[in-house]
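The data block below is entry18.pdb; it holds PDB, N, CA and C atoms.
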ATOM      1  N   MET A  20       0.840  -1.174   0.000
ATOM      2  CA  MET A  20       0.000   0.000   0.000
ATOM      3  C   MET A  20       0.887   1.239   0.000
ATOM      4  N   GLN A  21       0.468   2.222  -0.727
ATOM      5  CA  GLN A  21       1.224   3.462  -0.887
ATOM      6  C   GLN A  21       1.061   4.351   0.346
ATOM      7  N   THR A  22       2.174   4.937   0.791
ATOM      8  CA  THR A  22       2.135   5.874   1.907
ATOM      9  C   THR A  22       2.453   7.261   1.385
ATOM     10  N   ASP A  23       1.542   8.208   1.612
ATOM     11  CA  ASP A  23       1.738   9.599   1.199
ATOM     12  C   ASP A  23       2.408  10.368   2.322
ATOM     13  N   THR A  24       2.836  11.574   1.991
ATOM     14  CA  THR A  24       3.383  12.463   3.005
ATOM     15  C   THR A  24       2.562  13.740   3.026
ATOM     16  N   ASN A  25       2.498  14.373   4.196
ATOM     17  CA  ASN A  25       1.774  15.629   4.311
ATOM     18  C   ASN A  25       2.709  16.789   4.013
ATOM     19  N   ALA A  26       2.260  18.019   4.272
ATOM     20  CA  ALA A  26       3.055  19.209   3.946
ATOM     21  C   ALA A  26       4.365  19.255   4.729
ATOM     22  N   GLN A  27       4.391  18.656   5.909
ATOM     23  CA  GLN A  27       5.613  18.650   6.717
ATOM     24  C   GLN A  27       6.527  17.474   6.375
ATOM     25  N   GLY A  28       6.138  16.640   5.423
ATOM     26  CA  GLY A  28       6.953  15.498   5.027
ATOM     27  C   GLY A  28       6.740  14.264   5.886
ATOM     28  N   GLU A  29       5.748  14.306   6.791
ATOM     29  CA  GLU A  29       5.471  13.162   7.651
ATOM     30  C   GLU A  29       4.589  12.176   6.911
ATOM     31  N   PRO A  30       4.820  10.880   7.092
ATOM     32  CA  PRO A  30       3.996   9.892   6.385
ATOM     33  C   PRO A  30       2.552   9.907   6.876
ATOM     34  N   GLN A  31       1.636   9.648   5.944
ATOM     35  CA  GLN A  31       0.217   9.562   6.266
ATOM     36  C   GLN A  31      -0.245   8.154   5.922
ATOM     37  N   GLY A  32      -1.028   7.573   6.779
ATOM     38  CA  GLY A  32      -1.580   6.258   6.519
ATOM     39  C   GLY A  32      -2.861   6.355   5.722
ATOM     40  N   PRO A  33      -3.399   5.203   5.380
ATOM     41  CA  PRO A  33      -4.644   5.200   4.591
ATOM     42  C   PRO A  33      -5.818   5.821   5.344
ATOM     43  N   ASP A  34      -5.822   5.742   6.658
ATOM     44  CA  ASP A  34      -6.936   6.321   7.408
ATOM     45  C   ASP A  34      -7.008   7.832   7.234
ATOM     46  N   GLU A  35      -5.863   8.499   7.253
ATOM     47  CA  GLU A  35      -5.829   9.964   7.072
ATOM     48  C   GLU A  35      -6.278  10.342   5.664
ATOM     49  N   ARG A  36      -5.846   9.591   4.666
ATOM     50  CA  ARG A  36      -6.255   9.876   3.283
ATOM     51  C   ARG A  36      -7.747   9.690   3.124
ATOM     52  N   HIS A  37      -8.313   8.640   3.710
ATOM     53  CA  HIS A  37      -9.757   8.411   3.610
ATOM     54  C   HIS A  37     -10.537   9.497   4.344
ATOM     55  N   ARG A  38     -10.017   9.958   5.476
ATOM     56  CA  ARG A  38     -10.689  11.027   6.211
ATOM     57  C   ARG A  38     -10.707  12.314   5.386
ATOM     58  N   ARG A  39      -9.574  12.648   4.761
ATOM     59  CA  ARG A  39      -9.516  13.849   3.919
ATOM     60  C   ARG A  39     -10.437  13.703   2.711
ATOM     61  N   TYR A  40     -10.480  12.518   2.115
ATOM     62  CA  TYR A  40     -11.364  12.259   0.968
ATOM     63  C   TYR A  40     -12.824  12.434   1.378
ATOM     64  N   TRP A  41     -13.203  11.846   2.498
ATOM     65  CA  TRP A  41     -14.588  11.934   2.948
ATOM     66  C   TRP A  41     -14.961  13.368   3.299
ATOM     67  N   HIS A  42     -14.035  14.102   3.928
ATOM     68  CA  HIS A  42     -14.288  15.507   4.261
ATOM     69  C   HIS A  42     -14.500  16.328   2.986
ATOM     70  N   SER A  43     -13.685  16.119   1.964
ATOM     71  CA  SER A  43     -13.839  16.822   0.686
ATOM     72  C   SER A  43     -15.166  16.472   0.028
ATOM     73  N   ASN A  44     -15.533  15.209   0.099
ATOM     74  CA  ASN A  44     -16.789  14.739  -0.483
ATOM     75  C   ASN A  44     -17.973  15.412   0.210
ATOM     76  N   LEU A  45     -17.973  15.456   1.535
ATOM     77  CA  LEU A  45     -19.074  16.079   2.271
ATOM     78  C   LEU A  45     -19.166  17.576   2.013
ATOM     79  N   ARG A  46     -18.016  18.244   1.926
ATOM     80  CA  ARG A  46     -18.016  19.683   1.653
ATOM     81  C   ARG A  46     -18.611  19.959   0.272
ATOM     82  N   LEU A  47     -18.197  19.206  -0.740
ATOM     83  CA  LEU A  47     -18.726  19.369  -2.092
ATOM     84  C   LEU A  47     -20.232  19.121  -2.115
ATOM     85  N   THR A  48     -20.668  18.049  -1.483
ATOM     86  CA  THR A  48     -22.095  17.723  -1.450
ATOM     87  C   THR A  48     -22.888  18.812  -0.740
ATOM     88  N   GLY A  49     -22.361  19.336   0.355
ATOM     89  CA  GLY A  49     -23.049  20.398   1.087
ATOM     90  C   GLY A  49     -23.206  21.667   0.271
ATOM     91  N   VAL A  50     -22.151  22.063  -0.428
ATOM     92  CA  VAL A  50     -22.214  23.277  -1.255
ATOM     93  C   VAL A  50     -23.220  23.103  -2.386
ATOM     94  N   LEU A  51     -23.178  21.947  -3.048
ATOM     95  CA  LEU A  51     -24.105  21.721  -4.162
ATOM     96  C   LEU A  51     -25.548  21.598  -3.678
ATOM     97  N   LEU A  52     -25.762  21.019  -2.506
ATOM     98  CA  LEU A  52     -27.124  20.967  -1.957
ATOM     99  C   LEU A  52     -27.631  22.350  -1.576
ATOM    100  N   ALA A  53     -26.745  23.208  -1.097
ATOM    101  CA  ALA A  53     -27.150  24.578  -0.785
ATOM    102  C   ALA A  53     -27.570  25.311  -2.060
ATOM    103  N   ILE A  54     -26.820  25.130  -3.139
ATOM    104  CA  ILE A  54     -27.189  25.741  -4.421
ATOM    105  C   ILE A  54     -28.524  25.191  -4.888
ATOM    106  N   TRP A  55     -28.703  23.872  -4.791
ATOM    107  CA  TRP A  55     -29.967  23.243  -5.180
ATOM    108  C   TRP A  55     -31.122  23.843  -4.373
ATOM    109  N   PHE A  56     -30.937  24.010  -3.067
ATOM    110  CA  PHE A  56     -31.986  24.548  -2.209
ATOM    111  C   PHE A  56     -32.368  25.965  -2.629
ATOM    112  N   VAL A  57     -31.372  26.798  -2.873
ATOM    113  CA  VAL A  57     -31.639  28.183  -3.277
ATOM    114  C   VAL A  57     -32.389  28.222  -4.604
ATOM    115  N   VAL A  58     -31.961  27.395  -5.551
ATOM    116  CA  VAL A  58     -32.619  27.372  -6.864
ATOM    117  C   VAL A  58     -34.045  26.860  -6.737
ATOM    118  N   THR A  59     -34.245  25.816  -5.952
ATOM    119  CA  THR A  59     -35.562  25.200  -5.851
ATOM    120  C   THR A  59     -36.534  26.047  -5.038
ATOM    121  N   PHE A  60     -36.111  26.489  -3.868
ATOM    122  CA  PHE A  60     -37.039  27.173  -2.974
ATOM    123  C   PHE A  60     -36.876  28.690  -2.978
ATOM    124  N   GLY A  61     -35.668  29.172  -3.118
ATOM    125  CA  GLY A  61     -35.428  30.607  -3.089
ATOM    126  C   GLY A  61     -36.081  31.333  -4.243
ATOM    127  N   VAL A  62     -35.913  30.817  -5.444
ATOM    128  CA  VAL A  62     -36.503  31.469  -6.617
ATOM    129  C   VAL A  62     -38.030  31.412  -6.541
ATOM    130  N   GLY A  63     -38.583  30.282  -6.101
ATOM    131  CA  GLY A  63     -40.036  30.187  -5.962
ATOM    132  C   GLY A  63     -40.583  31.141  -4.917
ATOM    133  N   TYR A  64     -39.850  31.308  -3.826
ATOM    134  CA  TYR A  64     -40.295  32.188  -2.753
ATOM    135  C   TYR A  64     -40.294  33.656  -3.182
ATOM    136  N   PHE A  65     -39.282  34.039  -3.944
ATOM    137  CA  PHE A  65     -39.167  35.427  -4.378
ATOM    138  C   PHE A  65     -39.680  35.649  -5.796
ATOM    139  N   ALA A  66     -40.513  34.771  -6.294
ATOM    140  CA  ALA A  66     -40.962  34.842  -7.687
ATOM    141  C   ALA A  66     -41.694  36.145  -7.997
ATOM    142  N   ARG A  67     -42.457  36.651  -7.093
ATOM    143  CA  ARG A  67     -43.193  37.889  -7.368
ATOM    144  C   ARG A  67     -42.251  39.075  -7.533
ATOM    145  N   GLU A  68     -41.129  39.068  -6.806
ATOM    146  CA  GLU A  68     -40.167  40.156  -6.930
ATOM    147  C   GLU A  68     -39.351  40.048  -8.223
ATOM    148  N   LEU A  69     -39.334  38.881  -8.822
ATOM    149  CA  LEU A  69     -38.601  38.665 -10.071
ATOM    150  C   LEU A  69     -39.547  38.909 -11.245
ATOM    151  N   SER A  70     -40.036  40.120 -11.355
ATOM    152  CA  SER A  70     -41.117  40.386 -12.308
ATOM    153  C   SER A  70     -40.653  41.058 -13.595
ATOM    154  N   PHE A  71     -39.387  40.921 -13.958
ATOM    155  CA  PHE A  71     -38.946  41.495 -15.223
ATOM    156  C   PHE A  71     -39.042  40.448 -16.333
ATOM    157  N   ASN A  72     -39.088  40.913 -17.591
ATOM    158  CA  ASN A  72     -39.200  39.997 -18.721
ATOM    159  C   ASN A  72     -37.833  39.457 -19.124
ATOM    160  N   PHE A  73     -37.824  38.183 -19.480
ATOM    161  CA  PHE A  73     -36.614  37.486 -19.900
ATOM    162  C   PHE A  73     -36.979  36.677 -21.135
ATOM    163  N   PHE A  74     -36.488  37.071 -22.287
ATOM    164  CA  PHE A  74     -36.847  36.462 -23.570
ATOM    165  C   PHE A  74     -38.355  36.460 -23.795
ATOM    166  N   GLY A  75     -39.040  37.529 -23.376
ATOM    167  CA  GLY A  75     -40.466  37.665 -23.612
ATOM    168  C   GLY A  75     -41.358  37.019 -22.571
ATOM    169  N   TRP A  76     -40.787  36.343 -21.598
ATOM    170  CA  TRP A  76     -41.559  35.686 -20.542
ATOM    171  C   TRP A  76     -41.163  36.290 -19.196
ATOM    172  N   PRO A  77     -42.062  36.250 -18.219
ATOM    173  CA  PRO A  77     -41.662  36.683 -16.876
ATOM    174  C   PRO A  77     -40.504  35.810 -16.372
ATOM    175  N   PHE A  78     -39.521  36.432 -15.742
ATOM    176  CA  PHE A  78     -38.330  35.703 -15.303
ATOM    177  C   PHE A  78     -38.679  34.559 -14.351
ATOM    178  N   SER A  79     -39.627  34.773 -13.459
ATOM    179  CA  SER A  79     -39.997  33.713 -12.519
ATOM    180  C   SER A  79     -40.532  32.486 -13.259
ATOM    181  N   PHE A  80     -41.335  32.711 -14.301
ATOM    182  CA  PHE A  80     -41.837  31.589 -15.099
ATOM    183  C   PHE A  80     -40.683  30.883 -15.792
ATOM    184  N   TRP A  81     -39.764  31.643 -16.375
ATOM    185  CA  TRP A  81     -38.636  31.042 -17.086
ATOM    186  C   TRP A  81     -37.786  30.199 -16.138
ATOM    187  N   MET A  82     -37.501  30.720 -14.942
ATOM    188  CA  MET A  82     -36.690  29.966 -13.981
ATOM    189  C   MET A  82     -37.390  28.685 -13.563
ATOM    190  N   ALA A  83     -38.682  28.750 -13.339
ATOM    191  CA  ALA A  83     -39.413  27.555 -12.928
ATOM    192  C   ALA A  83     -39.483  26.532 -14.053
ATOM    193  N   ALA A  84     -39.673  26.996 -15.283
ATOM    194  CA  ALA A  84     -39.870  26.077 -16.400
ATOM    195  C   ALA A  84     -38.568  25.591 -17.022
ATOM    196  N   GLN A  85     -37.560  26.433 -17.133
ATOM    197  CA  GLN A  85     -36.349  26.063 -17.869
ATOM    198  C   GLN A  85     -35.068  26.244 -17.064
ATOM    199  N   GLY A  86     -34.931  27.383 -16.427
ATOM    200  CA  GLY A  86     -33.671  27.715 -15.778
ATOM    201  C   GLY A  86     -33.274  26.754 -14.681
ATOM    202  N   SER A  87     -34.229  26.362 -13.839
ATOM    203  CA  SER A  87     -33.885  25.447 -12.754
ATOM    204  C   SER A  87     -33.446  24.098 -13.295
ATOM    205  N   LEU A  88     -34.061  23.627 -14.357
ATOM    206  CA  LEU A  88     -33.655  22.353 -14.952
ATOM    207  C   LEU A  88     -32.232  22.422 -15.492
ATOM    208  N   LEU A  89     -31.900  23.542 -16.123
ATOM    209  CA  LEU A  89     -30.536  23.709 -16.621
ATOM    210  C   LEU A  89     -29.530  23.737 -15.477
ATOM    211  N   ILE A  90     -29.885  24.396 -14.396
ATOM    212  CA  ILE A  90     -28.989  24.454 -13.242
ATOM    213  C   ILE A  90     -28.815  23.070 -12.631
ATOM    214  N   TYR A  91     -29.871  22.258 -12.572
ATOM    215  CA  TYR A  91     -29.757  20.899 -12.041
ATOM    216  C   TYR A  91     -28.820  20.050 -12.897
ATOM    217  N   VAL A  92     -28.912  20.189 -14.204
ATOM    218  CA  VAL A  92     -28.023  19.443 -15.100
ATOM    219  C   VAL A  92     -26.572  19.873 -14.886
ATOM    220  N   VAL A  93     -26.339  21.180 -14.759
ATOM    221  CA  VAL A  93     -24.981  21.677 -14.523
ATOM    222  C   VAL A  93     -24.465  21.185 -13.170
ATOM    223  N   LEU A  94     -25.298  21.181 -12.142
ATOM    224  CA  LEU A  94     -24.883  20.677 -10.831
ATOM    225  C   LEU A  94     -24.492  19.198 -10.905
ATOM    226  N   THR A  95     -25.272  18.407 -11.618
ATOM    227  CA  THR A  95     -24.971  16.985 -11.759
ATOM    228  C   THR A  95     -23.667  16.782 -12.511
ATOM    229  N   TRP A  96     -23.475  17.513 -13.612
ATOM    230  CA  TRP A  96     -22.233  17.416 -14.386
ATOM    231  C   TRP A  96     -21.038  17.802 -13.533
ATOM    232  N   TYR A  97     -21.142  18.910 -12.800
ATOM    233  CA  TYR A  97     -20.032  19.378 -11.982
ATOM    234  C   TYR A  97     -19.706  18.370 -10.874
ATOM    235  N   TYR A  98     -20.736  17.810 -10.242
ATOM    236  CA  TYR A  98     -20.511  16.830  -9.180
ATOM    237  C   TYR A  98     -19.756  15.615  -9.712
ATOM    238  N   ALA A  99     -20.179  15.090 -10.842
ATOM    239  CA  ALA A  99     -19.509  13.925 -11.419
ATOM    240  C   ALA A  99     -18.065  14.243 -11.790
ATOM    241  N   ARG A 100     -17.834  15.400 -12.391
ATOM    242  CA  ARG A 100     -16.480  15.809 -12.790
ATOM    243  C   ARG A 100     -15.577  15.996 -11.579
ATOM    244  N   ARG A 101     -16.088  16.704 -10.571
ATOM    245  CA  ARG A 101     -15.274  16.972  -9.379
ATOM    246  C   ARG A 101     -15.014  15.695  -8.577
ATOM    247  N   MET A 102     -15.994  14.797  -8.500
ATOM    248  CA  MET A 102     -15.784  13.547  -7.770
ATOM    249  C   MET A 102     -14.740  12.678  -8.469
ATOM    250  N   ASN A 103     -14.720  12.674  -9.797
ATOM    251  CA  ASN A 103     -13.669  11.946 -10.512
ATOM    252  C   ASN A 103     -12.299  12.519 -10.181
ATOM    253  N   GLN A 104     -12.199  13.853 -10.101
ATOM    254  CA  GLN A 104     -10.933  14.484  -9.726
ATOM    255  C   GLN A 104     -10.540  14.112  -8.299
ATOM    256  N   LEU A 105     -11.492  14.154  -7.371
ATOM    257  CA  LEU A 105     -11.198  13.793  -5.988
ATOM    258  C   LEU A 105     -10.775  12.331  -5.878
ATOM    259  N   ASP A 106     -11.423  11.453  -6.629
ATOM    260  CA  ASP A 106     -11.047  10.043  -6.622
ATOM    261  C   ASP A 106      -9.597   9.860  -7.043
ATOM    262  N   ARG A 107      -9.199  10.549  -8.111
ATOM    263  CA  ARG A 107      -7.805  10.441  -8.578
ATOM    264  C   ARG A 107      -6.834  11.049  -7.564
ATOM    265  N   GLU A 108      -7.186  12.192  -6.982
ATOM    266  CA  GLU A 108      -6.302  12.856  -6.018
ATOM    267  C   GLU A 108      -6.057  12.000  -4.781
ATOM    268  N   HIS A 109      -7.069  11.271  -4.354
ATOM    269  CA  HIS A 109      -6.975  10.496  -3.118
ATOM    270  C   HIS A 109      -6.706   9.015  -3.347
ATOM    271  N   GLY A 110      -6.476   8.630  -4.591
ATOM    272  CA  GLY A 110      -6.095   7.245  -4.895
ATOM    273  C   GLY A 110      -7.206   6.231  -4.774
ATOM    274  N   VAL A 111      -8.440   6.633  -5.001
ATOM    275  CA  VAL A 111      -9.564   5.691  -4.937
ATOM    276  C   VAL A 111     -10.314   5.619  -6.255
ATOM    277  N   ALA A 112      -9.685   6.074  -7.321
ATOM    278  CA  ALA A 112     -10.350   6.085  -8.632
ATOM    279  C   ALA A 112     -10.504   4.659  -9.148
ATOM    280  N   GLU A 113     -11.618   4.435  -9.830
ATOM    281  CA  GLU A 113     -11.852   3.161 -10.489
ATOM    282  C   GLU A 113     -11.231   3.224 -11.871
ATOM    283  N   ASP A 114     -10.347   2.308 -12.165
ATOM    284  CA  ASP A 114      -9.725   2.269 -13.484
ATOM    285  C   ASP A 114     -10.683   1.664 -14.488
ATOM    286  N   MET A 115     -10.790   2.336 -15.639
ATOM    287  CA  MET A 115     -11.689   1.832 -16.686
ATOM    288  C   MET A 115     -10.877   1.280 -17.820
TER     289      MET A 115
END

Produce structure tokens that represent the structure in this file.
Amino acid sequence: MQTDTNAQGEPQGPDERHRRYWHSNLRLTGVLLAIWFVVTFGVGYFARELSFNFFGWPFSFWMAAQGSLLIYVVLTWYYARRMNQLDREHGVAEDM
């Protein structure tokens, strides 16, 4: 098994690497869930204040019908991309 070193040059065992990996995973998930929450509930809550036109439609209607779906797709793409990077950084990537 491979032993990494930290910034001070001290060896790190697999437990430390897994803890850092899990911490990074939870932080990423928390940030993306916060964005999801704001898009899902925040825009709906403030829909009346979002009363300007966007491509000929009220902005609140556009966000509910199209914009939120686009944001969900981008969130999913970003999560998959970032998790692949984290897997490689922490040595837990699945080889294809």

Given the PyMOL selection byres ((chain A and resi 88-102) around 8) and the file above, list the residues it selects as a PyMOL selection string. chain A and resi 44+47-48+51+55+58+81-87+103-108+112

To one decimal in Å, tell me the separation between CA of Arg38 (chain A) and CA of Val57 (chain A). 28.7 Å

Record the distance separating atom N of His109 (chain A) and CA of Asp34 (chain A), expressed in Å with one decimal. 12.8 Å

If DSSP is run on the backbone, what residues of region 37-113 of chain A are strand (DSSP E)? A reply as a PyMOL selection string would be ideal. chain A and resi 72-73+76-77

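Put simply, CA of Phe78 (chain A) is 24.7 Å away from CA of Val50 (chain A).
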